[in-house]
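The structure file model34.pdb is reproduced below (PDB, C-alpha atoms, pLDDT in the B column).
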```pdb
ATOM      1  CA  ALA F   1       0.000   0.000   0.000  1.00 57.00           C
ATOM      2  CA  ALA F   2       1.082   3.560  -0.666  1.00 69.00           C
ATOM      3  CA  ALA F   3       2.425   5.631   2.214  1.00 78.00           C
ATOM      4  CA  HIS F   4      -0.545   7.309   3.927  1.00 84.00           C
ATOM      5  CA  PRO F   5      -0.729   9.583   6.964  1.00 89.00           C
ATOM      6  CA  GLY F   6      -1.210   7.572  10.126  1.00 86.00           C
ATOM      7  CA  PHE F   7       0.507   4.450   8.811  1.00 93.00           C
ATOM      8  CA  THR F   8       4.072   3.264   9.430  1.00 93.00           C
ATOM      9  CA  ALA F   9       6.490   4.453   6.759  1.00 95.00           C
ATOM     10  CA  PRO F  10       7.969   1.530   4.805  1.00 95.00           C
ATOM     11  CA  ASP F  11      11.606   1.050   5.771  1.00 96.00           C
ATOM     12  CA  PHE F  12      14.206   1.003   3.017  1.00 97.00           C
ATOM     13  CA  THR F  13      17.950   0.950   2.518  1.00 98.00           C
ATOM     14  CA  LEU F  14      19.677   2.731  -0.371  1.00 98.00           C
ATOM     15  CA  GLN F  15      23.220   3.758  -1.247  1.00 98.00           C
ATOM     16  CA  THR F  16      24.705   7.228  -1.306  1.00 98.00           C
ATOM     17  CA  PRO F  17      26.909   8.097  -4.311  1.00 97.00           C
ATOM     18  CA  ASP F  18      29.823   7.140  -2.019  1.00 96.00           C
ATOM     19  CA  ASP F  19      28.356   3.613  -1.556  1.00 97.00           C
ATOM     20  CA  ILE F  20      27.308   4.188   2.041  1.00 97.00           C
ATOM     21  CA  SER F  21      24.118   2.314   2.962  1.00 98.00           C
ATOM     22  CA  ILE F  22      21.476   4.442   4.660  1.00 98.00           C
ATOM     23  CA  SER F  23      18.158   3.131   5.958  1.00 98.00           C
ATOM     24  CA  LEU F  24      15.109   5.092   7.003  1.00 98.00           C
ATOM     25  CA  SER F  25      15.199   3.116  10.258  1.00 97.00           C
ATOM     26  CA  ASP F  26      18.657   4.579  10.990  1.00 98.00           C
ATOM     27  CA  TYR F  27      16.744   7.714  11.994  1.00 97.00           C
ATOM     28  CA  ASP F  28      14.217   6.173  14.385  1.00 96.00           C
ATOM     29  CA  GLY F  29      13.323   8.745  17.016  1.00 96.00           C
ATOM     30  CA  ARG F  30      13.928  11.640  14.623  1.00 96.00           C
ATOM     31  CA  PRO F  31      11.654  13.404  12.128  1.00 97.00           C
ATOM     32  CA  VAL F  32      12.628  12.614   8.527  1.00 98.00           C
ATOM     33  CA  LEU F  33      11.580  14.072   5.204  1.00 98.00           C
ATOM     34  CA  VAL F  34      11.831  11.492   2.421  1.00 98.00           C
ATOM     35  CA  PHE F  35      11.998  13.633  -0.720  1.00 98.00           C
ATOM     36  CA  PHE F  36      11.633  11.778  -4.039  1.00 98.00           C
ATOM     37  CA  TRP F  37      13.160  13.773  -6.906  1.00 98.00           C
ATOM     38  CA  ALA F  38      15.025  13.746 -10.246  1.00 98.00           C
ATOM     39  CA  SER F  39      17.557  16.135 -11.765  1.00 97.00           C
ATOM     40  CA  TRP F  40      15.266  16.816 -14.757  1.00 97.00           C
ATOM     41  CA  CYS F  41      12.342  17.813 -12.505  1.00 97.00           C
ATOM     42  CA  SER F  42      11.954  21.615 -12.435  1.00 97.00           C
ATOM     43  CA  VAL F  43       9.557  21.575  -9.455  1.00 96.00           C
ATOM     44  CA  CYS F  44      12.053  19.403  -7.550  1.00 97.00           C
ATOM     45  CA  LYS F  45      14.821  21.899  -8.274  1.00 97.00           C
ATOM     46  CA  ARG F  46      12.673  24.825  -7.096  1.00 96.00           C
ATOM     47  CA  THR F  47      11.801  22.974  -3.871  1.00 96.00           C
ATOM     48  CA  MET F  48      15.277  21.839  -2.846  1.00 97.00           C
ATOM     49  CA  PRO F  49      16.813  25.211  -1.773  1.00 97.00           C
ATOM     50  CA  GLY F  50      13.986  25.679   0.760  1.00 96.00           C
ATOM     51  CA  LEU F  51      14.611  22.168   2.060  1.00 97.00           C
ATOM     52  CA  GLN F  52      18.284  23.036   2.527  1.00 97.00           C
ATOM     53  CA  SER F  53      17.362  26.131   4.536  1.00 97.00           C
ATOM     54  CA  VAL F  54      15.069  24.133   6.828  1.00 97.00           C
ATOM     55  CA  TYR F  55      17.690  21.393   7.139  1.00 98.00           C
ATOM     56  CA  GLU F  56      20.311  23.913   8.248  1.00 98.00           C
ATOM     57  CA  ASP F  57      17.954  25.308  10.901  1.00 97.00           C
ATOM     58  CA  TYR F  58      16.631  21.991  12.287  1.00 97.00           C
ATOM     59  CA  HIS F  59      19.342  19.395  11.679  1.00 97.00           C
ATOM     60  CA  ASN F  60      20.945  20.044  15.082  1.00 96.00           C
ATOM     61  CA  GLN F  61      17.581  19.215  16.691  1.00 95.00           C
ATOM     62  CA  GLY F  62      17.558  15.842  14.915  1.00 96.00           C
ATOM     63  CA  PHE F  63      15.742  16.566  11.643  1.00 98.00           C
ATOM     64  CA  GLU F  64      16.965  14.597   8.628  1.00 98.00           C
ATOM     65  CA  ILE F  65      16.276  14.750   4.900  1.00 98.00           C
ATOM     66  CA  LEU F  66      16.709  11.712   2.665  1.00 98.00           C
ATOM     67  CA  ALA F  67      16.668  12.980  -0.927  1.00 98.00           C
ATOM     68  CA  VAL F  68      15.816   9.807  -2.847  1.00 98.00           C
ATOM     69  CA  ASN F  69      16.761  10.266  -6.479  1.00 98.00           C
ATOM     70  CA  ALA F  70      14.641   8.374  -9.010  1.00 97.00           C
ATOM     71  CA  THR F  71      17.881   7.192 -10.587  1.00 95.00           C
ATOM     72  CA  TYR F  72      16.124   4.600 -12.747  1.00 95.00           C
ATOM     73  CA  GLN F  73      14.431   7.576 -14.497  1.00 95.00           C
ATOM     74  CA  ASP F  74      17.512   9.807 -14.226  1.00 97.00           C
ATOM     75  CA  THR F  75      21.241   9.122 -14.360  1.00 96.00           C
ATOM     76  CA  THR F  76      23.582   8.854 -11.417  1.00 96.00           C
ATOM     77  CA  ALA F  77      25.954  11.356 -13.039  1.00 97.00           C
ATOM     78  CA  SER F  78      23.216  13.962 -13.617  1.00 97.00           C
ATOM     79  CA  ALA F  79      21.743  13.531 -10.148  1.00 98.00           C
ATOM     80  CA  VAL F  80      25.053  13.722  -8.302  1.00 98.00           C
ATOM     81  CA  SER F  81      26.375  16.570 -10.442  1.00 98.00           C
ATOM     82  CA  TYR F  82      23.275  18.680  -9.877  1.00 98.00           C
ATOM     83  CA  PHE F  83      23.090  17.910  -6.145  1.00 98.00           C
ATOM     84  CA  LEU F  84      26.755  18.730  -5.518  1.00 97.00           C
ATOM     85  CA  SER F  85      26.679  21.853  -7.716  1.00 98.00           C
ATOM     86  CA  GLN F  86      23.953  23.284  -5.478  1.00 97.00           C
ATOM     87  CA  GLY F  87      25.882  22.630  -2.266  1.00 97.00           C
ATOM     88  CA  TYR F  88      23.122  20.614  -0.591  1.00 98.00           C
ATOM     89  CA  THR F  89      24.286  19.025   2.641  1.00 98.00           C
ATOM     90  CA  TYR F  90      21.468  16.571   3.345  1.00 98.00           C
ATOM     91  CA  ASN F  91      21.717  12.964   2.194  1.00 97.00           C
ATOM     92  CA  ILE F  92      21.260  11.992  -1.447  1.00 98.00           C
ATOM     93  CA  LEU F  93      20.254   8.373  -1.988  1.00 98.00           C
ATOM     94  CA  LEU F  94      20.154   6.577  -5.334  1.00 98.00           C
ATOM     95  CA  ASP F  95      17.100   4.460  -6.144  1.00 98.00           C
ATOM     96  CA  VAL F  96      18.754   2.793  -9.128  1.00 97.00           C
ATOM     97  CA  ASN F  97      16.081   0.124  -9.642  1.00 96.00           C
ATOM     98  CA  GLY F  98      13.061   2.169  -8.516  1.00 96.00           C
ATOM     99  CA  ILE F  99      12.379  -0.229  -5.643  1.00 95.00           C
ATOM    100  CA  VAL F 100      11.752   2.460  -3.030  1.00 96.00           C
ATOM    101  CA  LEU F 101       9.684   4.657  -5.346  1.00 95.00           C
ATOM    102  CA  ARG F 102       7.529   1.615  -6.120  1.00 94.00           C
ATOM    103  CA  SER F 103       7.205   0.643  -2.441  1.00 94.00           C
ATOM    104  CA  TYR F 104       5.950   4.174  -1.706  1.00 95.00           C
ATOM    105  CA  GLN F 105       3.770   4.043  -4.846  1.00 92.00           C
ATOM    106  CA  THR F 106       5.310   7.270  -6.082  1.00 92.00           C
ATOM    107  CA  HIS F 107       3.779   8.277  -9.423  1.00 90.00           C
ATOM    108  CA  ALA F 108       4.860  11.928  -9.629  1.00 93.00           C
ATOM    109  CA  LEU F 109       7.946  13.925  -8.739  1.00 96.00           C
ATOM    110  CA  PRO F 110       8.550  15.492  -6.404  1.00 97.00           C
ATOM    111  CA  THR F 111       6.770  13.488  -3.751  1.00 96.00           C
ATOM    112  CA  SER F 112       7.538  14.362  -0.137  1.00 97.00           C
ATOM    113  CA  VAL F 113       6.823  12.034   2.770  1.00 97.00           C
ATOM    114  CA  LEU F 114       7.215  13.525   6.229  1.00 97.00           C
ATOM    115  CA  VAL F 115       7.854  10.793   8.803  1.00 97.00           C
ATOM    116  CA  SER F 116       7.405  11.412  12.527  1.00 96.00           C
ATOM    117  CA  PRO F 117      10.024  10.376  15.098  1.00 96.00           C
ATOM    118  CA  ASP F 118       7.989   7.221  15.797  1.00 95.00           C
ATOM    119  CA  GLY F 119       8.110   6.181  12.121  1.00 95.00           C
ATOM    120  CA  VAL F 120       4.540   7.130  11.220  1.00 95.00           C
ATOM    121  CA  VAL F 121       3.765   9.049   8.027  1.00 96.00           C
ATOM    122  CA  MET F 122       2.615  12.547   8.975  1.00 95.00           C
ATOM    123  CA  ASP F 123       2.058  13.922   5.474  1.00 94.00           C
ATOM    124  CA  VAL F 124       2.416  12.951   1.832  1.00 94.00           C
ATOM    125  CA  ILE F 125       2.756  15.951  -0.470  1.00 95.00           C
ATOM    126  CA  ILE F 126       2.843  15.527  -4.241  1.00 94.00           C
ATOM    127  CA  GLY F 127       4.274  18.376  -6.289  1.00 92.00           C
ATOM    128  CA  ALA F 128       5.112  21.870  -5.103  1.00 87.00           C
ATOM    129  CA  GLY F 129       3.163  21.757  -1.830  1.00 86.00           C
ATOM    130  CA  MET F 130       6.205  20.801   0.248  1.00 90.00           C
ATOM    131  CA  ASN F 131       7.655  24.230   0.722  1.00 90.00           C
ATOM    132  CA  GLU F 132       9.848  25.828   3.332  1.00 93.00           C
ATOM    133  CA  GLY F 133       7.031  27.446   5.333  1.00 93.00           C
ATOM    134  CA  PHE F 134       4.918  24.282   5.452  1.00 94.00           C
ATOM    135  CA  LEU F 135       7.889  22.159   6.534  1.00 95.00           C
ATOM    136  CA  ARG F 136       8.942  24.652   9.215  1.00 96.00           C
ATOM    137  CA  SER F 137       5.427  24.688  10.707  1.00 95.00           C
ATOM    138  CA  LYS F 138       5.302  20.875  10.774  1.00 95.00           C
ATOM    139  CA  LEU F 139       8.728  20.642  12.436  1.00 96.00           C
ATOM    140  CA  GLU F 140       7.801  23.251  15.035  1.00 95.00           C
ATOM    141  CA  GLN F 141       4.812  21.053  15.890  1.00 93.00           C
ATOM    142  CA  VAL F 142       6.963  17.894  16.054  1.00 93.00           C
ATOM    143  CA  PHE F 143       9.654  19.442  18.238  1.00 92.00           C
ATOM    144  CA  SER F 144       7.150  21.108  20.584  1.00 90.00           C
ATOM    145  CA  ASP F 145       5.423  17.717  21.018  1.00 85.00           C
ATOM    146  CA  LEU F 146       8.779  16.113  21.901  1.00 80.00           C
ATOM    147  CA  ASN F 147       9.533  18.677  24.634  1.00 71.00           C
TER
END
```

As a first step, turn the structure in this file into structure tokens.
Amino acid sequence: AAAHPGFTAPDFTLQTPDDISISLSDYDGRPVLVFFWASWCSVCKRTMPGLQSVYEDYHNQGFEILAVNATYQDTTASAVSYFLSQGYTYNILLDVNGIVLRSYQTHALPTSVLVSPDGVVMDVIIGAGMNEGFLRSKLEQVFSDLN
């Protein structure tokens, strides 16, 4: 089943461009944004700078972003080149075979899945709706609930 608010986010493990394995479950107890994107996606590219800004402000509180590239619809070289050229410091993961995109039933890019510290999907946003202001308000809610 597709990721839906209120349900446990499907765990996954993917590689970074440096061949480091990262799993969603590595971040249990922390809020995570799983951001599905591709280097050819103009909406993805417009969304990512705002994500970086939020990441810089909330990473020290435990927030993590897993930028899952739809590498099977993109190329590793294009994805990595674009990501590095922009100076993004959150994690880029390569979904070379589309396994994670299929497990989340992702049919459009970008798709953003906000996962609570207890591993439950808080929101699924398709397209441009995942913006900096929305994400900040959600994280303020998460961190106030934790304190």

Given the PyMOL selection byres ((chain F and resi 98-112) around 9) and the file above, list the residues it selects as JSON, numbers by chain. {"F": [1, 2, 3, 9, 10, 11, 12, 13, 14, 33, 34, 35, 36, 37, 38, 41, 43, 44, 47, 68, 70, 71, 72, 73, 94, 95, 96, 97, 113, 114, 123, 124, 125, 126, 127, 128, 129, 130]}

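We find atom CA of F:Val80 and atom CA of F:Ser39 to be spaced 8.6 Å apart.
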
Could you work out how far atom CA of F:Ala67 lies from atom CA of F:Pro49, giving the answer in Å with one decimal? 12.3 Å

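Among the candidates F:Asn69, F:Phe83, F:Gly62, F:Leu146, the one nearest to F:Asp26 when counting all atoms listed in the file is F:Gly62.
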
Reference answer for the PyMOL selection byres ((chain F and resi 32) around 8), as a PyMOL selection string: chain F and resi 27+30-31+33-34+63-66+114-117

Report, in Å with one decimal, the straight-line distance from atom CA of F:Ala77 to atom CA of F:Lys45.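 According to the coordinates, atom CA of F:Ala77 and atom CA of F:Lys45 are separated by 16.1 Å.
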
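Considering only C-alpha atoms, the residue among F:Met48, F:Phe143, F:Val120, F:Ser137 positioned nearest to F:Ile92 is F:Met48.
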
Given the PyMOL selection byres ((chain F and resi 18) around 12) and the file above, list the residues it selects as a list in words. Leu14, Gln15, Thr16, Pro17, Asp19, Ile20, Ser21, Ile22, Thr76, Val80, Asn91, Ile92, Leu93 and Leu94 of chain F

Centre, x/y/z edge lengths, axis-aligned box for stretch 117-124 of chain F with 4 Å per side, as JSON:
```
{"center_x": 6.0, "center_y": 10.1, "center_z": 8.8, "size_x": 16.0, "size_y": 15.7, "size_z": 22.0}
```

Nearest candidate to F:Leu139 (options F:Gly50, F:Gly29, F:Thr8, F:Gln61; using only C-alpha atoms): F:Gln61

Using all atoms listed in the file, which of the listed residues (F:Pro5, F:Asn147, F:Ser25, F:Tyr90) sits closest to F:Tyr58?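 Looking only at the distances to F:Tyr58, the closest residue turns out to be F:Tyr90.
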
Using only C-alpha atoms, which of F:Tyr88, F:Phe7, F:Asp118, F:Gly133 sits nearest F:Glu56?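 Closest to F:Glu56, using only C-alpha atoms: F:Tyr88.
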
Kindly add N, CA, C and O atoms to the incomplete stretch 72-86 of chain F and provide the output as a PDB file, in the frame of the given file.
```pdb
ATOM      1  N   TYR F  72      16.540   5.444 -11.623  1.00 95.00           N
ATOM      2  CA  TYR F  72      16.124   4.600 -12.747  1.00 95.00           C
ATOM      3  C   TYR F  72      15.435   5.423 -13.843  1.00 95.00           C
ATOM      4  O   TYR F  72      15.293   4.960 -14.970  1.00 95.00           O
ATOM      5  N   GLN F  73      15.014   6.652 -13.515  1.00 95.00           N
ATOM      6  CA  GLN F  73      14.431   7.576 -14.497  1.00 95.00           C
ATOM      7  C   GLN F  73      15.375   8.743 -14.771  1.00 95.00           C
ATOM      8  O   GLN F  73      15.012   9.682 -15.473  1.00 95.00           O
ATOM      9  N   ASP F  74      16.535   8.723 -14.186  1.00 97.00           N
ATOM     10  CA  ASP F  74      17.512   9.807 -14.226  1.00 97.00           C
ATOM     11  C   ASP F  74      18.843   9.132 -14.536  1.00 97.00           C
ATOM     12  O   ASP F  74      18.872   7.989 -14.968  1.00 97.00           O
ATOM     13  N   THR F  75      19.945   9.795 -14.325  1.00 96.00           N
ATOM     14  CA  THR F  75      21.241   9.122 -14.360  1.00 96.00           C
ATOM     15  C   THR F  75      21.980   9.493 -13.076  1.00 96.00           C
ATOM     16  O   THR F  75      21.790  10.585 -12.537  1.00 96.00           O
ATOM     17  N   THR F  76      22.802   8.580 -12.617  1.00 96.00           N
ATOM     18  CA  THR F  76      23.582   8.854 -11.417  1.00 96.00           C
ATOM     19  C   THR F  76      24.429  10.102 -11.620  1.00 96.00           C
ATOM     20  O   THR F  76      24.474  10.983 -10.754  1.00 96.00           O
ATOM     21  N   ALA F  77      25.074  10.212 -12.776  1.00 97.00           N
ATOM     22  CA  ALA F  77      25.954  11.356 -13.039  1.00 97.00           C
ATOM     23  C   ALA F  77      25.180  12.668 -12.991  1.00 97.00           C
ATOM     24  O   ALA F  77      25.633  13.637 -12.369  1.00 97.00           O
ATOM     25  N   SER F  78      24.014  12.730 -13.618  1.00 97.00           N
ATOM     26  CA  SER F  78      23.216  13.962 -13.617  1.00 97.00           C
ATOM     27  C   SER F  78      22.743  14.309 -12.220  1.00 97.00           C
ATOM     28  O   SER F  78      22.790  15.473 -11.802  1.00 97.00           O
ATOM     29  N   ALA F  79      22.268  13.304 -11.494  1.00 98.00           N
ATOM     30  CA  ALA F  79      21.743  13.531 -10.148  1.00 98.00           C
ATOM     31  C   ALA F  79      22.838  14.046  -9.220  1.00 98.00           C
ATOM     32  O   ALA F  79      22.661  15.059  -8.529  1.00 98.00           O
ATOM     33  N   VAL F  80      23.969  13.365  -9.209  1.00 98.00           N
ATOM     34  CA  VAL F  80      25.053  13.722  -8.302  1.00 98.00           C
ATOM     35  C   VAL F  80      25.635  15.083  -8.692  1.00 98.00           C
ATOM     36  O   VAL F  80      25.880  15.935  -7.827  1.00 98.00           O
ATOM     37  N   SER F  81      25.830  15.302  -9.973  1.00 98.00           N
ATOM     38  CA  SER F  81      26.375  16.570 -10.442  1.00 98.00           C
ATOM     39  C   SER F  81      25.490  17.742 -10.031  1.00 98.00           C
ATOM     40  O   SER F  81      25.971  18.746  -9.499  1.00 98.00           O
ATOM     41  N   TYR F  82      24.192  17.605 -10.257  1.00 98.00           N
ATOM     42  CA  TYR F  82      23.275  18.680  -9.877  1.00 98.00           C
ATOM     43  C   TYR F  82      23.292  18.898  -8.366  1.00 98.00           C
ATOM     44  O   TYR F  82      23.425  20.030  -7.884  1.00 98.00           O
ATOM     45  N   PHE F  83      23.156  17.829  -7.610  1.00 98.00           N
ATOM     46  CA  PHE F  83      23.090  17.910  -6.145  1.00 98.00           C
ATOM     47  C   PHE F  83      24.330  18.597  -5.580  1.00 98.00           C
ATOM     48  O   PHE F  83      24.232  19.515  -4.760  1.00 98.00           O
ATOM     49  N   LEU F  84      25.507  18.161  -6.020  1.00 97.00           N
ATOM     50  CA  LEU F  84      26.755  18.730  -5.518  1.00 97.00           C
ATOM     51  C   LEU F  84      26.937  20.175  -5.972  1.00 97.00           C
ATOM     52  O   LEU F  84      27.428  21.011  -5.210  1.00 97.00           O
ATOM     53  N   SER F  85      26.515  20.487  -7.195  1.00 98.00           N
ATOM     54  CA  SER F  85      26.679  21.853  -7.716  1.00 98.00           C
ATOM     55  C   SER F  85      25.869  22.864  -6.908  1.00 98.00           C
ATOM     56  O   SER F  85      26.213  24.042  -6.858  1.00 98.00           O
ATOM     57  N   GLN F  86      24.808  22.403  -6.270  1.00 97.00           N
ATOM     58  CA  GLN F  86      23.953  23.284  -5.478  1.00 97.00           C
ATOM     59  C   GLN F  86      24.407  23.401  -4.029  1.00 97.00           C
ATOM     60  O   GLN F  86      23.867  24.207  -3.271  1.00 97.00           O
TER      61      GLN F  86
END
```
